[in-house]
Every structure is written in C-alpha cells, then in structure tokens.
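**Q** As input, take start-v6.txt (compact mmCIF, C-alpha atoms):
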# COMPACT_ATOMS: atom_id res chain seq x y z
CA MET A 20 -24.49 1.94 -49.42
CA GLU A 21 -26.57 -1.12 -48.56
CA GLN A 22 -23.39 -2.96 -47.53
CA TRP A 23 -22.34 -0.06 -45.32
CA ILE A 24 -25.78 0.02 -43.68
CA GLU A 25 -25.57 -3.73 -43.07
CA GLN A 26 -22.14 -3.35 -41.44
CA LEU A 27 -23.44 -0.49 -39.31
CA GLY A 28 -26.39 -2.61 -38.28
CA ALA A 29 -24.04 -5.39 -37.25
CA LEU A 30 -21.92 -2.98 -35.21
CA TRP A 31 -24.88 -1.26 -33.59
CA PRO A 32 -25.31 -3.79 -30.74
CA LEU A 33 -21.58 -3.55 -30.01
CA LEU A 34 -21.76 0.25 -29.88
CA ILE A 35 -24.73 0.07 -27.51
CA SER A 36 -22.83 -2.38 -25.29
CA ALA A 37 -19.78 -0.10 -25.32
CA ALA A 38 -21.93 2.87 -24.30
CA LYS A 39 -23.51 0.86 -21.47
CA ALA A 40 -20.09 -0.35 -20.34
CA LEU A 41 -18.80 3.23 -20.31
CA VAL A 42 -21.73 4.35 -18.18
CA VAL A 43 -21.22 1.45 -15.76
CA LEU A 44 -17.50 2.21 -15.58
CA VAL A 45 -17.96 5.93 -14.88
CA VAL A 46 -20.76 5.41 -12.36
CA GLY A 47 -18.88 2.58 -10.67
CA TRP A 48 -15.67 4.64 -10.50
CA ILE A 49 -17.49 7.57 -8.89
CA ALA A 50 -19.41 5.28 -6.52
CA ALA A 51 -16.18 3.54 -5.44
CA GLY A 52 -14.64 6.91 -4.61
CA VAL A 53 -17.70 8.11 -2.69
CA ILE A 54 -18.11 4.89 -0.70
CA SER A 55 -14.42 4.59 0.14
CA GLY A 56 -14.43 8.23 1.27
CA ALA A 57 -17.44 7.53 3.48
CA VAL A 58 -15.66 4.53 5.01
CA ARG A 59 -12.57 6.66 5.71
CA ARG A 60 -14.61 9.41 7.38
CA ARG A 61 -16.61 6.92 9.44
CA ILE A 62 -13.53 5.15 10.78
CA ASN A 63 -11.65 8.40 11.40
CA ALA A 64 -14.65 9.69 13.36
CA THR A 65 -14.40 6.73 15.75
CA PRO A 66 -12.34 7.86 18.77
CA HIS A 67 -10.51 4.58 19.47
CA LEU A 68 -9.46 4.01 15.83
CA ASP A 69 -6.58 5.93 14.24
CA GLN A 70 -6.51 7.42 10.76
CA THR A 71 -4.02 4.82 9.51
CA LEU A 72 -6.71 2.14 9.69
CA GLY A 73 -9.23 4.47 8.05
CA ASN A 74 -7.00 5.12 5.02
CA PHE A 75 -6.12 1.45 4.64
CA ALA A 76 -9.75 0.28 4.90
CA ALA A 77 -10.90 2.95 2.45
CA SER A 78 -8.24 1.86 -0.04
CA ALA A 79 -9.27 -1.80 0.32
CA VAL A 80 -12.96 -0.98 -0.17
CA ARG A 81 -12.20 1.10 -3.25
CA TRP A 82 -10.21 -1.65 -4.95
CA VAL A 83 -12.85 -4.29 -4.17
CA LEU A 84 -15.58 -2.09 -5.62
CA LEU A 85 -13.51 -1.42 -8.73
CA ALA A 86 -13.07 -5.17 -9.19
CA ILE A 87 -16.85 -5.58 -9.00
CA VAL A 88 -17.26 -2.77 -11.54
CA LEU A 89 -14.83 -4.56 -13.87
CA VAL A 90 -16.88 -7.75 -13.65
CA ALA A 91 -20.03 -5.75 -14.37
CA VAL A 92 -18.43 -4.11 -17.41
CA LEU A 93 -17.42 -7.50 -18.78
CA GLY A 94 -20.96 -8.71 -18.14
CA VAL A 95 -22.28 -5.96 -20.40
CA PHE A 96 -20.31 -7.54 -23.25
CA GLY A 97 -21.77 -10.95 -22.49
CA ILE A 98 -18.84 -12.32 -20.50
CA GLU A 99 -20.36 -13.96 -17.40
CA ALA A 100 -18.70 -13.81 -14.02
CA THR A 101 -18.38 -17.62 -13.90
CA SER A 102 -16.48 -17.59 -17.17
CA LEU A 103 -14.26 -14.81 -15.89
CA VAL A 104 -13.48 -16.76 -12.72
CA ALA A 105 -12.64 -19.81 -14.79
CA MET A 106 -10.30 -17.77 -16.97
CA LEU A 107 -8.61 -16.27 -13.94
CA GLY A 108 -8.29 -19.69 -12.35
CA ALA A 109 -6.55 -21.04 -15.43
CA ALA A 110 -4.17 -18.06 -15.45
CA THR A 111 -3.47 -18.03 -11.69
CA LEU A 112 0.17 -19.04 -12.04
CA ALA A 113 0.94 -16.46 -14.72
CA ILE A 114 -0.86 -13.71 -12.83
CA GLY A 115 0.88 -14.64 -9.59
CA LEU A 116 4.31 -14.49 -11.22
CA ALA A 117 3.53 -11.20 -12.95
CA LEU A 118 2.11 -9.55 -9.83
CA GLN A 119 4.32 -11.09 -7.16
CA GLY A 120 5.79 -7.69 -6.28
CA THR A 121 2.34 -6.11 -6.01
CA LEU A 122 1.00 -9.02 -3.96
CA SER A 123 4.02 -8.70 -1.67
CA ASP A 124 3.24 -5.01 -1.17
CA LEU A 125 -0.39 -5.90 -0.43
CA ALA A 126 0.59 -8.48 2.18
CA ALA A 127 3.10 -6.06 3.71
CA GLY A 128 0.39 -3.38 3.86
CA VAL A 129 -1.82 -5.72 5.87
CA MET A 130 1.07 -6.41 8.26
CA LEU A 131 1.81 -2.70 8.66
CA VAL A 132 -1.81 -2.01 9.58
CA MET A 133 -1.93 -4.96 12.00
CA PHE A 134 1.29 -4.18 13.87
CA ARG A 135 1.27 -0.41 13.24
CA PRO A 136 4.98 0.47 13.53
CA TYR A 137 3.92 3.96 12.39
CA LYS A 138 0.74 5.96 11.98
CA LEU A 139 -0.41 8.95 9.98
CA GLY A 140 1.21 12.18 11.13
CA GLN A 141 4.25 10.53 12.72
CA TYR A 142 7.81 11.39 11.71
CA VAL A 143 9.70 8.22 10.81
CA ASP A 144 12.82 6.91 9.15
CA ILE A 145 12.20 3.91 6.89
CA GLY A 146 15.37 2.29 5.63
CA GLY A 147 17.26 5.59 5.65
CA THR A 148 14.41 7.69 4.21
CA SER A 149 12.84 10.17 6.64
CA GLY A 150 9.56 12.05 6.53
CA THR A 151 6.09 12.48 7.99
CA VAL A 152 3.61 9.71 7.17
CA VAL A 153 0.69 11.18 5.22
CA ASP A 154 -0.82 8.01 3.73
CA LEU A 155 -0.73 4.22 4.13
CA ASN A 156 -2.84 2.29 1.64
CA LEU A 157 -2.90 -1.21 0.18
CA PHE A 158 0.33 -0.92 -1.76
CA VAL A 159 2.45 2.09 -0.73
CA THR A 160 3.39 4.34 2.17
CA GLU A 161 3.62 8.05 1.38
CA LEU A 162 5.99 10.34 3.27
CA VAL A 163 6.50 14.10 3.08
CA THR A 164 9.89 15.53 4.03
CA PRO A 165 10.27 18.75 6.08
CA ASP A 166 11.00 20.63 2.83
CA ASN A 167 7.69 19.34 1.36
CA VAL A 168 9.06 16.63 -0.95
CA GLN A 169 6.82 13.63 -1.58
CA ILE A 170 8.35 10.16 -1.12
CA ILE A 171 6.54 6.95 -2.12
CA ILE A 172 7.77 3.71 -0.52
CA PRO A 173 6.31 0.32 -1.58
CA ASN A 174 4.90 -1.43 1.47
CA GLY A 175 7.08 -4.48 0.81
CA GLN A 176 10.22 -2.38 1.17
CA ALA A 177 8.86 -0.55 4.21
CA TRP A 178 7.98 -3.77 6.03
CA GLY A 179 11.40 -5.28 5.31
CA ALA A 180 13.38 -2.19 6.36
CA ILE A 181 14.53 -0.88 9.73
CA ILE A 182 11.87 1.57 10.92
CA THR A 183 12.79 4.36 13.33
CA ASN A 184 9.72 6.14 14.69
CA TYR A 185 10.63 9.50 16.22
CA SER A 186 7.01 10.22 17.18
CA ALA A 187 6.12 6.92 18.84
CA HIS A 188 6.46 8.37 22.35
CA ASP A 189 5.16 11.62 23.77
CA THR A 190 8.55 12.66 25.17
CA ARG A 191 12.13 12.73 23.88
CA ARG A 192 15.56 13.45 25.29
CA VAL A 193 17.62 16.27 23.83
CA ASP A 194 21.35 15.51 23.97
CA MET A 195 23.74 18.45 23.48
CA VAL A 196 27.52 18.70 23.85
CA PHE A 197 29.23 21.98 24.74
CA GLY A 198 33.00 22.40 24.73
CA ILE A 199 34.76 24.89 27.03
CA ASP A 200 38.38 25.95 27.37
CA TYR A 201 40.65 24.03 29.76
CA GLY A 202 41.25 27.26 31.66
CA ASP A 203 37.54 27.83 32.38
CA SER A 204 35.54 26.45 35.28
CA ALA A 205 33.55 23.33 34.46
CA ASP A 206 31.31 23.87 37.51
CA ALA A 207 30.46 27.41 36.37
CA ALA A 208 29.63 26.16 32.87
CA LYS A 209 27.44 23.39 34.31
CA GLU A 210 25.58 25.90 36.47
CA ILE A 211 24.91 28.16 33.47
CA ILE A 212 23.52 25.29 31.41
CA LEU A 213 21.33 24.03 34.27
CA ASP A 214 19.98 27.53 34.98
CA LEU A 215 19.03 27.98 31.33
CA ALA A 216 17.39 24.54 31.23
CA ASN A 217 15.37 25.15 34.39
CA ALA A 218 14.27 28.54 33.07
CA ASP A 219 12.85 27.03 29.87
CA SER A 220 9.26 25.85 30.35
CA ARG A 221 9.67 23.20 27.66
CA VAL A 222 12.25 21.31 29.73
CA MET A 223 10.65 18.67 31.95
CA THR A 224 11.45 18.48 35.64
CA ASP A 225 11.01 14.70 35.74
CA PRO A 226 13.45 13.40 34.63
CA ALA A 227 15.43 16.41 35.82
CA PRO A 228 17.97 18.14 33.55
CA TRP A 229 21.36 16.40 33.61
CA VAL A 230 24.75 18.03 32.88
CA ARG A 231 28.11 16.31 33.32
CA VAL A 232 31.70 16.52 32.08
CA THR A 233 31.86 13.62 29.64
CA ASN A 234 35.09 14.04 27.71
CA LEU A 235 38.51 15.67 27.85
CA GLY A 236 39.18 16.48 24.21
CA ASP A 237 42.28 17.65 22.43
CA SER A 238 41.32 21.31 22.73
CA SER A 239 38.25 21.40 24.99
CA VAL A 240 36.51 20.04 28.06
CA ASP A 241 33.21 18.62 26.80
CA LEU A 242 30.02 18.90 28.84
CA THR A 243 26.97 16.85 27.86
CA ALA A 244 23.47 18.11 28.66
CA ARG A 245 20.49 15.75 28.61
CA LEU A 246 17.11 17.44 28.71
CA TRP A 247 13.69 15.81 28.46
CA CYS A 248 10.83 17.51 26.65
CA LYS A 249 7.67 16.82 24.67
CA ALA A 250 8.41 15.27 21.29
CA ALA A 251 6.82 18.24 19.51
CA ASP A 252 9.25 20.64 21.25
CA TYR A 253 12.43 18.70 20.45
CA TRP A 254 13.92 20.80 17.65
CA GLU A 255 12.85 24.21 18.93
CA LEU A 256 14.29 23.43 22.37
CA LYS A 257 17.54 22.18 20.86
CA PHE A 258 17.97 25.30 18.72
CA ALA A 259 16.98 27.68 21.53
CA MET A 260 19.31 26.08 24.09
CA THR A 261 22.23 26.09 21.67
CA GLN A 262 21.89 29.84 21.12
CA ALA A 263 21.16 30.60 24.78
CA VAL A 264 24.23 28.69 26.03
CA LYS A 265 26.47 30.44 23.48
CA GLU A 266 25.25 33.87 24.55
CA ALA A 267 25.48 33.02 28.27
CA PHE A 268 29.03 31.71 27.89
CA ASP A 269 29.99 34.95 26.14
CA ASP A 270 28.47 37.04 28.96
CA LYS A 271 30.22 35.03 31.68
CA GLY A 272 33.59 34.96 29.92
CA ILE A 273 33.58 31.24 29.23
CA SER A 274 35.19 30.54 25.88
CA ILE A 275 34.19 27.86 23.40
CA PRO A 276 37.51 26.72 21.86
CA TYR A 277 38.05 25.43 18.38
CA PRO A 278 40.59 22.88 17.18
CA HIS A 279 44.03 24.41 16.61
CA SER A 280 47.58 23.27 16.07
CA VAL A 281 50.92 24.58 17.29
CA GLU A 282 53.90 24.64 15.00
CA ILE A 283 57.27 24.05 16.69
CA LYS A 284 60.51 24.77 14.90
CA LYS A 285 63.82 23.35 16.05
CA GLU A 286 66.96 25.36 15.60
CA ALA A 287 69.76 23.50 13.86
Could I get this file's structure written as structure tokens?
**A**
Amino acid sequence: MEQWIEQLGALWPLLISAAKALVVLVVGWIAAGVISGAVRRRINATPHLDQTLGNFAASAVRWVLLAIVLVAVLGVFGIEATSLVAMLGAATLAIGLALQGTLSDLAAGVMLVMFRPYKLGQYVDIGGTSGTVVDLNLFVTELVTPDNVQIIIPNGQAWGAIITNYSAHDTRRVDMVFGIDYGDSADAAKEIILDLANADSRVMTDPAPWVRVTNLGDSSVDLTARLWCKAADYWELKFAMTQAVKEAFDDKGISIPYPHSVEIKKEA
C-alpha cells in the first residue's frame, strides 16, 4: 500500500499537468474557432473584399492559433518554446520531406487567393471536375455539384490544372443548333427563331440575337442561333428556347428531320 501511495504521489504532478494541458487545449481550440469566425465575418462585411479572402484568412488565423496552443500545451509539460524550436530546426529536412505535398497545397492556396481565378459562389471546372465553389482554405478547395455532391480538391492540384470559370463574367452567349428539312424555308425558320428570341426578356438586345445557316448536313439544313443573356439565366433560357422553337416549328409546319438511310436493291 505504501509503495502504491508513493507511485501515486510521483504520478500526481503528471496528472495535474495533463489536466492543465487538456484545459489549455480545449480553451485554445474553442478560442481559435471563435477568433477565426470573427475574422471571416469582419472581412466578409467589408464591401470591397470578397468572401474568398475571408475564408482563406480565417483558415490561416485558425491554424496559427492552434500552433500557439500546441506550444502552450507543451509548455505545461515543461517543454520550453526555445527547445521546441530547436527540435523543429533539427528536424526541418525530415518534416519538409514528409509534408511536401501539404506545403505545396499551402503555397498553391496563397497563389489562388492572390490571383483569384475563382471565388466563392462561382461555377467552375477544375481539371475536368465541375461544381460551385463553396470554400477555399489553406489546403483545399471545396466544390458542390448541381446534384449536391461534395468534391474536395487539394489546392496544389487546382493551381496546376486548367480552370474554366463559367461565372467570371456577368453575361454569356447561348449557342443552339436547329436542323430543318431541306424542303422547308430557311428564311421562315430564321424568322421564327428571331421572333422567339426577341420576345424573351432574358435575351439581350446588345449584342443582338444572331441566326444563320451554318451547315448543310446529310439530312438537315442546320441553323445556329447565338443569344446573349445574363450568366444566371443561361440554362433556363437554353431550355426554354429549345422547347419554344420545337413547338413553333410544329405550328408552322417546319419539320425537324432525323438521320435516316435509304436501302437500294438492284435487280439481277
């Protein structure tokens, strides 16, 4: 019993240090979250700064504060910050090799925030992966697809990939191709398409709607329509015009042909 009490007495300072370290860790973790959230809200509330910068800065502040908390926790156990720095300095090469991918993502994140090829809320294609940007932090870019699937892309891969930003400009051009039968009037079909485009308030008047015969196919005369609209109206306008042209062609007796083949038999 006396030996057990002596062992407990020897462990008691360690248990106290562990309890203090746990308190410091919990408080520091909560404080890092609160402060980083405050930084995000403050930046996002500034009119001339976009939310991309706010998320990135909040992420950076959070990780810096957590590093400080880690140093404080080690200090509770008697490991001084100077000793920790010396240990890290001696292990710089090993740490650099082990974390080279993470450090690359960090550097790429800084470049993405500086040059801003995309921002929060924009619909982009990054190396063949498409979605709406919902987060850009120190290490990853988070996208959400139209069917609500989350996609995480490391910043290093995002920075090194071809980025197509569909939301970078306020306006977009809708290109549509309509095929009509060779026996139908191309001028009548063009007039129908232009009338429908001019009647739709989403179609811009400058640049004006453009419709031309662009191809003589195997089974159809192809007309291309180019309509300008706000980027937010792109898909709804495309879908609405496709249906409207089909219904108008039906009413006016203009047929939309489909590929077909003719079989010819030779008599012996």
**Q** So, counting all atoms listed in the file, which residue among A:Ala51, A:Leu131, A:Leu155, A:Ala57 is closest to Val83 in chain A?
**A** A:Ala51
**Q** Could you work out how far CA of Ile54 in chain A lies from CA of Ala37 in chain A, giving the answer in Å with one decimal?
**A**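 So the two atoms, CA of Ala37 in chain A and CA of Ile54 in chain A, lie 25.2 Å apart.
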**Q** Between CA of Asp124 in chain A and CA of Ile182 in chain A, what is the spacing in Å?
**A**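 Taking CA of Ile182 in chain A as the start and CA of Asp124 in chain A as the end point, the length is 16.2 Å.
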**Q** Could you please determine the separation between CA of Ala91 in chain A and CA of Leu44 in chain A in Å, to one decimal place?
**A**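 Taking CA of Ala91 in chain A and CA of Leu44 in chain A, their separation equals 8.4 Å.
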**Q** For Arg61 in chain A, which residue out of A:Ala76, A:Ile49, A:Leu41, A:Val143 is the nearest one, using only C-alpha atoms?
**A**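 Residue with the minimum atom-to-atom distance to Arg61 in chain A: A:Ala76.
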**Q** Taking into account all atoms listed in the file, which residue in the set A:Thr121, A:Ser204, A:Asn74, A:Ser220 is nearest to Val153 in chain A?
**A**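 That would be A:Asn74, the residue with the smallest distance to Val153 in chain A.
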**Q** If we count all atoms listed in the file, what is near range 245-253 of chain A at a cut-off of 10 Å, once residues fewer than 3 positions away on the same chain are taken out, given as a VMD selection string?
**A** chain A and resid 185 to 196 213 216 to 217 220 to 231 256 to 258
**Q** Please return as a PyMOL selection string every residue within 9 Å of (11.0, 8.4, -0.7), taking into account only C-alpha atoms and the file's own coordinates.
**A** chain A and resi 145+148-150+161-164+168-172
**Q** So that I can check the surroundings of Val58 in chain A, please list as JSON, numbers by chain every protein, DNA and RNA residue that reaches within 10 Å of it, counting all atoms listed in the file and ignoring chain neighbours fewer than 6 positions away.
**A** {"A": [52, 64, 73, 74, 76, 77, 78, 80, 81]}
**Q** With all atoms listed in the file as the atoms that count, which of A:Ala218, A:Leu242, A:Leu122, A:Leu235 lies nearest to Ala259 in chain A?
**A**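 Under the stated criterion, the closest residue is A:Ala218.
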**Q** Skipping near chain neighbours, those fewer than 6 positions away, what residues fall within 12 Å of Ile273 in chain A using only C-alpha atoms, listed as a ChimeraX atom specification?
**A** /A:197-209,211-212,239-240,264-267
**Q** Of the residues A:Tyr277, A:Trp82, A:Trp178, A:Tyr137, which is the one nearest to Leu157 in chain A, using only C-alpha atoms?
**A**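 Distance minimum relative to Leu157 in chain A lands on A:Trp82.
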**Q** Considering all atoms listed in the file, state which residue in the set A:Val43, A:Gly179, A:Phe268, A:Val90 is at the smallest distance from Ser123 in chain A.
**A**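 Checking each candidate against Ser123 in chain A, we get A:Gly179 as the closest.
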